[in-house]
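Shown below: entry_35.pdb, with PDB, C-alpha atoms and all ligand atoms.
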```pdb
ATOM      1  CA  MET A  28     101.588  88.986  83.942
ATOM      2  CA  ASP A  29     100.274  85.597  85.024
ATOM      3  CA  GLY A  30     102.831  83.270  86.546
ATOM      4  CA  GLN A  31     106.172  83.740  88.217
ATOM      5  CA  LEU A  32     109.183  85.914  87.468
ATOM      6  CA  ALA A  33     112.751  85.184  88.603
ATOM      7  CA  ILE A  34     115.478  87.832  88.511
ATOM      8  CA  LEU A  35     118.834  86.109  88.936
ATOM      9  CA  GLY A  36     121.711  88.395  89.953
ATOM     10  CA  THR A  37     119.688  91.325  91.270
ATOM     11  CA  GLY A  38     122.317  94.082  91.299
ATOM     12  CA  ARG A  39     121.849  97.594  89.930
ATOM     13  CA  MET A  40     120.273  96.545  86.630
ATOM     14  CA  GLY A  41     118.127  93.785  88.153
ATOM     15  CA  GLU A  42     116.884  96.042  90.936
ATOM     16  CA  ALA A  43     116.031  98.837  88.494
ATOM     17  CA  LEU A  44     113.968  96.372  86.439
ATOM     18  CA  LEU A  45     112.350  94.976  89.570
ATOM     19  CA  SER A  46     111.319  98.390  90.870
ATOM     20  CA  GLY A  47     110.005  99.448  87.428
ATOM     21  CA  LEU A  48     107.940  96.276  86.977
ATOM     22  CA  LEU A  49     106.427  96.581  90.448
ATOM     23  CA  ARG A  50     105.731 100.295  89.929
ATOM     24  CA  VAL A  51     103.767  99.721  86.700
ATOM     25  CA  GLY A  52     102.041  96.690  88.210
ATOM     26  CA  TRP A  53     103.350  94.224  85.608
ATOM     27  CA  VAL A  54     103.996  91.849  88.498
ATOM     28  CA  LYS A  55     102.984  91.782  92.135
ATOM     29  CA  PRO A  56     105.662  91.176  94.790
ATOM     30  CA  HIS A  57     104.355  87.651  95.511
ATOM     31  CA  GLN A  58     105.082  86.665  91.872
ATOM     32  CA  VAL A  59     108.784  87.572  92.064
ATOM     33  CA  ARG A  60     111.805  85.606  93.193
ATOM     34  CA  CYS A  61     115.159  87.375  93.213
ATOM     35  CA  SER A  62     118.559  85.821  93.696
ATOM     36  CA  VAL A  63     121.728  87.566  94.825
ATOM     37  CA  ARG A  64     125.055  86.596  96.291
ATOM     38  CA  GLY A  65     124.968  88.156  99.756
ATOM     39  CA  ALA A  66     122.415  87.502 102.532
ATOM     40  CA  GLU A  67     122.413  91.209 103.436
ATOM     41  CA  ARG A  68     121.477  92.235  99.918
ATOM     42  CA  ALA A  69     118.744  89.561  99.842
ATOM     43  CA  GLN A  70     117.321  90.989 103.064
ATOM     44  CA  TYR A  71     117.430  94.515 101.625
ATOM     45  CA  LEU A  72     115.487  93.413  98.511
ATOM     46  CA  ALA A  73     112.927  91.518 100.575
ATOM     47  CA  ASP A  74     112.438  94.470 102.954
ATOM     48  CA  THR A  75     112.318  97.122 100.222
ATOM     49  CA  TYR A  76     110.132  95.397  97.637
ATOM     50  CA  GLY A  77     108.339  92.646  99.561
ATOM     51  CA  VAL A  78     109.663  89.994  97.163
ATOM     52  CA  ASP A  79     111.136  86.582  97.858
ATOM     53  CA  ALA A  80     114.919  87.116  97.739
ATOM     54  CA  ARG A  81     117.414  84.272  98.148
ATOM     55  CA  THR A  82     121.128  83.639  97.914
ATOM     56  CA  GLU A  83     120.648  80.578  95.733
ATOM     57  CA  SER A  84     119.363  80.759  92.161
ATOM     58  CA  ALA A  85     118.461  77.215  91.104
ATOM     59  CA  SER A  86     115.158  76.976  93.007
ATOM     60  CA  ALA A  87     114.128  80.456  91.857
ATOM     61  CA  ALA A  88     114.804  79.463  88.231
ATOM     62  CA  ALA A  89     112.957  76.163  88.573
ATOM     63  CA  GLU A  90     109.806  77.884  89.882
ATOM     64  CA  ALA A  91     109.620  80.692  87.305
ATOM     65  CA  ASP A  92     107.879  81.127  83.950
ATOM     66  CA  VAL A  93     110.078  84.059  82.973
ATOM     67  CA  ILE A  94     113.722  84.249  84.068
ATOM     68  CA  VAL A  95     115.786  87.422  83.838
ATOM     69  CA  LEU A  96     119.556  86.864  83.907
ATOM     70  CA  ALA A  97     121.108  90.051  85.322
ATOM     71  CA  ALA A  98     124.532  88.964  86.627
ATOM     72  CA  LYS A  99     127.751  90.379  85.165
ATOM     73  CA  PRO A 100     128.925  88.638  81.992
ATOM     74  CA  GLN A 101     131.957  87.303  83.904
ATOM     75  CA  ASN A 102     129.594  85.550  86.381
ATOM     76  CA  LEU A 103     127.004  84.374  83.907
ATOM     77  CA  GLY A 104     128.763  81.098  83.051
ATOM     78  CA  ALA A 105     128.759  79.992  86.695
ATOM     79  CA  LEU A 106     125.156  81.147  87.118
ATOM     80  CA  LEU A 107     124.081  79.174  84.036
ATOM     81  CA  ASP A 108     125.909  76.068  85.302
ATOM     82  CA  GLU A 109     123.894  76.411  88.507
ATOM     83  CA  VAL A 110     120.454  77.073  87.022
ATOM     84  CA  GLY A 111     120.543  75.493  83.522
ATOM     85  CA  PRO A 112     119.913  71.928  84.747
ATOM     86  CA  LYS A 113     116.887  73.121  86.781
ATOM     87  CA  MET A 114     115.160  74.832  83.872
ATOM     88  CA  HIS A 115     112.317  73.226  81.982
ATOM     89  CA  SER A 116     110.289  73.448  78.813
ATOM     90  CA  GLY A 117     108.139  76.526  78.190
ATOM     91  CA  GLN A 118     110.291  78.969  80.137
ATOM     92  CA  THR A 119     111.419  82.285  78.667
ATOM     93  CA  VAL A 120     114.917  83.487  79.536
ATOM     94  CA  ILE A 121     115.738  87.168  79.146
ATOM     95  CA  SER A 122     119.426  88.016  79.465
ATOM     96  CA  VAL A 123     120.559  91.594  80.016
ATOM     97  CA  ALA A 124     124.269  90.677  80.196
ATOM     98  CA  ALA A 125     126.624  92.521  77.855
ATOM     99  CA  GLY A 126     128.382  90.382  75.274
ATOM    100  CA  VAL A 127     126.873  87.009  76.152
ATOM    101  CA  ARG A 128     125.433  85.419  73.012
ATOM    102  CA  THR A 129     122.010  83.723  72.942
ATOM    103  CA  ARG A 130     123.651  80.546  71.633
ATOM    104  CA  ARG A 131     125.835  80.398  74.769
ATOM    105  CA  ILE A 132     122.704  80.571  76.941
ATOM    106  CA  GLU A 133     120.822  78.118  74.699
ATOM    107  CA  ALA A 134     123.695  75.650  75.079
ATOM    108  CA  ALA A 135     123.353  75.768  78.885
ATOM    109  CA  THR A 136     119.551  75.407  79.009
ATOM    110  CA  PRO A 137     117.068  72.729  77.874
ATOM    111  CA  GLU A 138     116.258  72.596  74.143
ATOM    112  CA  ASP A 139     112.852  74.279  74.262
ATOM    113  CA  VAL A 140     113.739  77.151  76.593
ATOM    114  CA  SER A 141     113.435  80.432  74.675
ATOM    115  CA  VAL A 142     116.144  83.046  75.018
ATOM    116  CA  VAL A 143     115.873  86.763  74.310
ATOM    117  CA  ARG A 144     118.993  88.894  74.694
ATOM    118  CA  VAL A 145     118.584  92.495  75.752
ATOM    119  CA  MET A 146     120.905  95.462  75.872
ATOM    120  CA  SER A 147     119.466  98.161  78.080
ATOM    121  CA  ASN A 148     121.099 101.075  79.886
ATOM    122  CA  VAL A 149     121.275 102.707  83.278
ATOM    123  CA  PRO A 150     118.340 105.136  82.814
ATOM    124  CA  VAL A 151     116.160 102.070  83.561
ATOM    125  CA  GLN A 152     116.319 103.602  87.036
ATOM    126  CA  ILE A 153     114.157 106.536  85.901
ATOM    127  CA  ASP A 154     112.026 104.778  83.235
ATOM    128  CA  GLU A 155     114.080 106.365  80.424
ATOM    129  CA  ALA A 156     116.067 103.315  79.304
ATOM    130  CA  MET A 157     116.952 102.555  75.716
ATOM    131  CA  SER A 158     116.598  98.789  75.353
ATOM    132  CA  VAL A 159     117.314  96.657  72.312
ATOM    133  CA  LEU A 160     115.974  93.099  72.020
ATOM    134  CA  ALA A 161     117.557  90.296  69.996
ATOM    135  CA  PRO A 162     115.596  87.037  69.875
ATOM    136  CA  GLY A 163     117.485  83.739  70.092
ATOM    137  CA  LYS A 164     116.934  80.653  67.936
ATOM    138  CA  HIS A 165     113.914  79.263  69.794
ATOM    139  CA  ALA A 166     112.291  82.570  70.768
ATOM    140  CA  ALA A 167     108.713  82.910  69.497
ATOM    141  CA  ASP A 168     106.823  86.177  69.073
ATOM    142  CA  ALA A 169     105.248  85.635  72.494
ATOM    143  CA  ASP A 170     108.701  85.481  74.146
ATOM    144  CA  VAL A 171     109.796  88.687  72.441
ATOM    145  CA  GLU A 172     106.517  90.259  73.565
ATOM    146  CA  VAL A 173     107.245  89.334  77.197
ATOM    147  CA  ALA A 174     110.699  90.921  76.919
ATOM    148  CA  ARG A 175     109.131  93.982  75.281
ATOM    149  CA  GLU A 176     106.650  94.313  78.159
ATOM    150  CA  ILE A 177     109.402  93.995  80.788
ATOM    151  CA  LEU A 178     111.741  96.525  79.198
ATOM    152  CA  GLY A 179     108.817  98.689  78.020
ATOM    153  CA  ALA A 180     108.005  99.254  81.699
ATOM    154  CA  VAL A 181     111.236 101.203  82.065
ATOM    155  CA  GLY A 182     111.730 102.975  78.741
ATOM    156  CA  ARG A 183     111.881 102.664  74.966
ATOM    157  CA  VAL A 184     112.364  99.297  73.232
ATOM    158  CA  ILE A 185     113.349  98.251  69.708
ATOM    159  CA  THR A 186     114.321  94.887  68.191
ATOM    160  CA  LEU A 187     117.497  94.344  66.144
ATOM    161  CA  PRO A 188     119.397  91.285  64.850
ATOM    162  CA  GLU A 189     121.806  89.842  67.413
ATOM    163  CA  ASP A 190     124.873  90.582  65.277
ATOM    164  CA  GLN A 191     124.288  94.290  65.994
ATOM    165  CA  LEU A 192     124.131  93.928  69.772
ATOM    166  CA  ASP A 193     127.835  94.461  70.523
ATOM    167  CA  ALA A 194     127.604  97.745  68.633
ATOM    168  CA  VAL A 195     124.410  98.648  70.501
ATOM    169  CA  THR A 196     126.157  97.869  73.797
ATOM    170  CA  ALA A 197     129.025 100.182  72.894
ATOM    171  CA  ILE A 198     126.657 103.007  71.877
ATOM    172  CA  SER A 199     123.571 103.022  74.105
ATOM    173  CA  GLY A 200     124.617 100.504  76.793
ATOM    174  CA  SER A 201     127.804 102.353  77.697
ATOM    175  CA  GLY A 202     126.555 105.667  76.274
ATOM    176  CA  PRO A 203     125.413 107.233  79.559
ATOM    177  CA  ALA A 204     129.024 106.942  80.802
ATOM    178  CA  TYR A 205     130.289 108.987  77.829
ATOM    179  CA  LEU A 206     127.677 111.656  78.495
ATOM    180  CA  PHE A 207     128.503 111.748  82.213
ATOM    181  CA  LEU A 208     132.188 112.195  81.284
ATOM    182  CA  LEU A 209     131.233 115.062  78.985
ATOM    183  CA  ALA A 210     129.157 116.557  81.813
ATOM    184  CA  GLU A 211     132.148 116.331  84.188
ATOM    185  CA  ALA A 212     134.313 118.177  81.677
ATOM    186  CA  LEU A 213     131.760 120.962  81.126
ATOM    187  CA  ILE A 214     131.207 121.333  84.883
ATOM    188  CA  ASP A 215     134.990 121.599  85.348
ATOM    189  CA  ALA A 216     135.037 124.373  82.745
ATOM    190  CA  GLY A 217     132.392 126.215  84.788
ATOM    191  CA  ILE A 218     134.504 125.778  87.911
ATOM    192  CA  LEU A 219     137.536 127.129  86.044
ATOM    193  CA  PHE A 220     135.532 130.285  85.395
ATOM    194  CA  GLY A 221     134.507 130.618  89.064
ATOM    195  CA  ILE A 222     130.954 129.266  88.808
ATOM    196  CA  SER A 223     130.004 127.124  91.817
ATOM    197  CA  ARG A 224     129.868 123.345  91.297
ATOM    198  CA  ASP A 225     126.129 123.316  92.015
ATOM    199  CA  ASP A 226     125.363 126.074  89.542
ATOM    200  CA  ALA A 227     127.685 124.566  86.915
ATOM    201  CA  THR A 228     125.964 121.185  87.375
ATOM    202  CA  ASP A 229     122.547 122.823  86.884
ATOM    203  CA  LEU A 230     123.738 124.537  83.720
ATOM    204  CA  VAL A 231     125.134 121.345  82.258
ATOM    205  CA  ALA A 232     122.372 118.939  83.307
ATOM    206  CA  GLN A 233     119.526 121.078  82.011
ATOM    207  CA  THR A 234     121.458 121.785  78.801
ATOM    208  CA  MET A 235     121.822 118.040  78.231
ATOM    209  CA  VAL A 236     118.144 117.409  78.978
ATOM    210  CA  GLY A 237     117.010 120.185  76.625
ATOM    211  CA  ALA A 238     119.345 119.108  73.825
ATOM    212  CA  ALA A 239     118.335 115.440  74.251
ATOM    213  CA  HIS A 240     114.627 116.281  74.027
ATOM    214  CA  MET A 241     115.201 118.321  70.848
ATOM    215  CA  LEU A 242     117.169 115.496  69.237
ATOM    216  CA  ARG A 243     114.643 112.819  70.247
ATOM    217  CA  ASP A 244     111.378 114.690  69.743
ATOM    218  CA  GLN A 245     111.825 117.175  66.890
ATOM    219  CA  GLY A 246     112.913 114.695  64.210
ATOM    220  CA  ARG A 247     115.696 117.053  63.120
ATOM    221  CA  HIS A 248     119.185 115.980  62.082
ATOM    222  CA  PRO A 249     121.916 116.665  64.705
ATOM    223  CA  VAL A 250     123.876 118.668  62.126
ATOM    224  CA  GLU A 251     120.910 120.996  61.640
ATOM    225  CA  LEU A 252     120.487 121.326  65.403
ATOM    226  CA  ARG A 253     124.171 122.125  65.904
ATOM    227  CA  GLU A 254     124.092 124.650  63.064
ATOM    228  CA  SER A 255     121.115 126.351  64.681
ATOM    229  CA  VAL A 256     123.350 127.106  67.693
ATOM    230  CA  THR A 257     126.452 128.045  65.707
ATOM    231  CA  SER A 258     126.125 131.720  64.733
ATOM    232  CA  PRO A 259     128.360 133.013  61.906
ATOM    233  CA  GLY A 260     131.333 134.824  63.419
ATOM    234  CA  GLY A 261     130.005 133.919  66.861
ATOM    235  CA  VAL A 262     131.017 132.120  70.012
ATOM    236  CA  THR A 263     130.080 128.487  69.363
ATOM    237  CA  ILE A 264     132.140 128.150  66.184
ATOM    238  CA  ALA A 265     135.254 129.098  68.168
ATOM    239  CA  ALA A 266     134.650 126.049  70.379
ATOM    240  CA  ILE A 267     133.687 123.764  67.471
ATOM    241  CA  ARG A 268     136.967 124.619  65.747
ATOM    242  CA  VAL A 269     138.940 123.527  68.828
ATOM    243  CA  LEU A 270     136.900 120.321  69.172
ATOM    244  CA  GLU A 271     137.608 119.478  65.527
ATOM    245  CA  GLU A 272     141.333 120.316  65.936
ATOM    246  CA  GLU A 273     141.398 118.001  68.976
ATOM    247  CA  ARG A 274     139.742 115.279  66.884
ATOM    248  CA  VAL A 275     136.926 114.802  69.397
ATOM    249  CA  ARG A 276     134.669 113.269  66.744
ATOM    250  CA  ALA A 277     137.297 110.630  65.848
ATOM    251  CA  ALA A 278     138.023 110.075  69.541
ATOM    252  CA  PHE A 279     134.347 109.199  70.141
ATOM    253  CA  ILE A 280     134.210 106.847  67.160
ATOM    254  CA  ASN A 281     137.456 105.143  68.256
ATOM    255  CA  ALA A 282     136.202 104.881  71.838
ATOM    256  CA  VAL A 283     132.941 103.240  70.766
ATOM    257  CA  GLU A 284     134.909 100.860  68.546
ATOM    258  CA  ALA A 285     137.088  99.904  71.565
ATOM    259  CA  ALA A 286     133.943  99.256  73.631
ATOM    260  CA  LYS A 287     132.530  97.053  70.870
ATOM    261  CA  ARG A 288     135.791  95.082  70.740
ATOM    262  CA  ARG A 289     135.647  94.567  74.500
ATOM    263  CA  GLY A 290     132.083  93.234  74.158
ATOM    264  CA  GLU A 291     133.328  90.757  71.558
ATOM    265  CA  GLU A 292     136.157  89.686  73.910
ATOM    266  CA  LEU A 293     133.630  89.115  76.720
ATOM    267  CA  ALA A 294     131.604  86.970  74.329
ATOM    268  CA  SER A 295     134.558  84.761  73.420
ATOM    269  CA  GLY A 296     135.980  84.534  76.966
TER     270      GLY A 296
HETATM  271  N1  LIG A 301     125.221  98.957  84.674
HETATM  272  C1  LIG A 301     124.880  99.285  83.444
HETATM  273  O1  LIG A 301     124.808 100.447  83.037
HETATM  274  C2  LIG A 301     124.525  98.198  82.461
HETATM  275  C3  LIG A 301     124.666  96.864  82.772
HETATM  276  N2  LIG A 301     124.323  95.911  81.849
HETATM  277  C4  LIG A 301     124.460  94.507  82.148
HETATM  278  O2  LIG A 301     123.647  94.214  83.271
HETATM  279  C5  LIG A 301     124.244  93.178  84.013
HETATM  280  C6  LIG A 301     124.290  93.560  85.471
HETATM  281  O3  LIG A 301     125.052  94.736  85.628
HETATM  282  P1  LIG A 301     124.974  95.555  86.992
HETATM  283  O4  LIG A 301     123.589  95.464  87.516
HETATM  284  O5  LIG A 301     125.599  96.856  86.727
HETATM  285  O6  LIG A 301     125.939  94.638  87.906
HETATM  286  P2  LIG A 301     125.911  94.414  89.479
HETATM  287  O7  LIG A 301     127.261  93.924  89.850
HETATM  288  O8  LIG A 301     125.329  95.608  90.160
HETATM  289  O9  LIG A 301     124.854  93.242  89.662
HETATM  290  C7  LIG A 301     125.119  91.892  89.425
HETATM  291  C8  LIG A 301     124.578  91.096  90.614
HETATM  292  O10 LIG A 301     124.652  89.714  90.316
HETATM  293  C9  LIG A 301     124.962  89.028  91.514
HETATM  294  N3  LIG A 301     125.460  87.692  91.161
HETATM  295  C10 LIG A 301     126.593  87.350  90.540
HETATM  296  N4  LIG A 301     126.677  86.009  90.404
HETATM  297  C11 LIG A 301     125.530  85.506  90.941
HETATM  298  C12 LIG A 301     125.037  84.182  91.115
HETATM  299  N5  LIG A 301     125.710  83.114  90.689
HETATM  300  N6  LIG A 301     123.829  84.026  91.715
HETATM  301  C13 LIG A 301     123.144  85.106  92.146
HETATM  302  N7  LIG A 301     123.564  86.383  92.012
HETATM  303  C14 LIG A 301     124.753  86.576  91.418
HETATM  304  C15 LIG A 301     125.961  89.932  92.184
HETATM  305  O11 LIG A 301     126.062  89.653  93.546
HETATM  306  C16 LIG A 301     125.346  91.309  91.903
HETATM  307  O12 LIG A 301     124.429  91.667  92.927
HETATM  308  C17 LIG A 301     125.634  92.924  83.429
HETATM  309  O13 LIG A 301     125.593  91.717  82.713
HETATM  310  C18 LIG A 301     125.879  94.096  82.504
HETATM  311  O14 LIG A 301     126.588  93.687  81.364
HETATM  312  C19 LIG A 301     123.811  96.246  80.638
HETATM  313  C20 LIG A 301     123.655  97.549  80.289
HETATM  314  C21 LIG A 301     124.001  98.627  81.152
HETATM  315  O1  LIG A 302     130.395  98.378  81.111
HETATM  316  C1  LIG A 302     129.726  97.345  80.948
HETATM  317  O2  LIG A 302     130.298  96.261  80.753
HETATM  318  C2  LIG A 302     128.210  97.393  80.988
HETATM  319  C3  LIG A 302     127.630  97.059  79.654
HETATM  320  C4  LIG A 302     127.120  98.331  79.084
HETATM  321  C5  LIG A 302     127.192  99.258  80.200
HETATM  322  N1  LIG A 302     127.748  98.733  81.242
END
```

What is this file in C-alpha cells?
Ligand SMILES: NC(=O)C1=CN([C@@H]2O[C@H](COP(=O)(O)OP(=O)(O)OC[C@H]3O[C@@H](n4cnc5c(N)ncnc54)[C@H](O)[C@@H]3O)[C@@H](O)[C@H]2O)C=CC1
Ligand SMILES: O=C(O)[C@@H]1CCC=N1
Amino acid sequence: MDGQLAILGTGRMGEALLSGLLRVGWVKPHQVRCSVRGAERAQYLADTYGVDARTESASAAAEADVIVLAAKPQNLGALLDEVGPKMHSGQTVISVAAGVRTRRIEAATPEDVSVVRVMSNVPVQIDEAMSVLAPGKHAADADVEVAREILGAVGRVITLPEDQLDAVTAISGSGPAYLFLLAEALIDAGILFGISRDDATDLVAQTMVGAAHMLRDQGRHPVELRESVTSPGGVTIAAIRVLEEERVRAAFINAVEAAKRRGEELASG
C-alpha cells in the first residue's frame, strides 16, 4: 500500500493483523503506527516489528490513511472520543470490534470518513482467518477493497450486509472457542481411556484438521460426510445416538443464539 496505516488498540487481534501484513509485504514497518495502552507493550511491538508504537492514539490516527480499530468493544467508545476529532476527510476506518455498528463509528468521525466493519477470528494468527466485511454508509468500493486486502493477507474474506454481522460474530468470530471446547472434551475422553494427553491431543487435532479440509475443499454436504463415517450397525452411530439424546445439536444452536444476543447487547451498551 501507499501511505500510512494506524492500528489502534494493538492487542491479540491487532498484532496478528500487523504481523500478517508485514509478512506479506502489504506495508513496510516505517508505514505503520500502532497504539496500545501500556508502555511495555508499545516497546515490545516496536522491538518485535520495527514499527512506531505509542501509548496515545490521536496522533497515530491523524497521520494515517487507513485506520484499524482493534480495541475491545467496551473500550471503543473512549478510543473514538480520543481519535474521532483528529480524523480527516479521505481516511478509511476498518473496525474489527465485535458488536459495534458502523453508524456508531460514523457518528464519532468526520462526515466523509469511510467505515468498514469486519468480523474476523483468531486463526488470523496463522493466516487461516475467516473474515466478513460489512461496508458502512460512506464506504466506497475502494474502501472495501482496502479492507479486503488487509484481511485477505491473513485468510479468507467475504462481504455480507451489516445486519448479519452479529450472527457472523456468534458463528465464525466465536467459533474457534466452540471447537477448542470440543477438542478439550475429546482429549479428556482419550485420557479417560488411558491415552496420554500428548497422544490424545494429536489424535484430536489432526482429526479436526482433516475433517475441516474435507468440509471446506470437497464441496460435500456435512450430512453426507457424517454418513460416510457412520457405518450401519457400527461404532459411530452408537455415539451419534447419545449426542442426539443429549441434544447437542440444539445446545449448539442455543449457544450461538446466546452469543448473537450478547453481540446485540454490546452494540446497544
Ligand atoms: N480475540 C478474538 O478471537 C476476536 C476478537 N475480535 C475483536 O477484536 C478486538 C480486539 O480483541 P483482542 O485483540 O482479543 O483484545 P485485546 O484485549 O488483546 O486487545 C485490545 C488492545 O486494545 C488496547 N486498548 C484499549 N483501549 C485503548 C485505547 N484507548 N488506546 C489504545 N489502545 C487501547 C488494549 O490495551 C489491548 O492491548 C475486539 O473488539 C474483539 O471484539 C473479533 C473476532 C475475534
Ligand atoms: O468473545 C468476543 O467478544 C470476541 C468476539 C468474537 C470472538 N471473540

Hits from the PyMOL selection byres (((chain A and resi 45-47) around 12) and not hetatm), listed as JSON, numbers by chain: {"A": [32, 33, 34, 35, 36, 37, 38, 39, 40, 41, 42, 43, 44, 48, 49, 50, 51, 52, 53, 54, 55, 56, 58, 59, 60, 61, 62, 72, 73, 75, 76, 77, 78, 79, 80, 95, 97, 150, 151, 152, 153, 154, 155, 156, 176, 177, 178, 179, 180, 181, 182]}

Environment of ligand LIG 301 (chain A) within 7 Å, counting all atoms listed in the file, reported as a ChimeraX atom specification: /A:35-41,62-65,82-84,97-100,102-103,105-106,123-125,146-149,196,200-201

Atomic separation - atom CA of Leu160 of chain A relative to atom CA of Ile185 of chain A, Å: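 Separation of atom CA of Ile185 of chain A and atom CA of Leu160 of chain A: 6.2 Å.
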
Pairwise distance for atom CA of Arg128 of chain A and atom CA of Phe279 of chain A, rounded to one decimal in Å: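 That distance, rounded to one decimal, is 25.6 Å.
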
Explicit residues for the PyMOL selection byres (((chain A and resi 293) around 10) and not hetatm) (as a PyMOL selection string): chain A and resi 100-101+125-128+287-292+294-296

Pairwise distance for atom CA of Ala204 of chain A and atom CA of Phe220 of chain A, rounded to one decimal in Å: 24.7 Å

Six-sided padding of 4 Å per side, axis-aligned box over ligand LIG 302 (chain A), centre and edges in Å, one decimal, as JSON:
```
{"center_x": 128.8, "center_y": 97.8, "center_z": 80.2, "size_x": 11.3, "size_y": 11.0, "size_z": 10.2}
```

Selection result of the PyMOL selection byres (((chain A and resi 211) around 12) and not hetatm) on this file, as a ChimeraX atom specification: /A:204-210,212-218,224,227-232
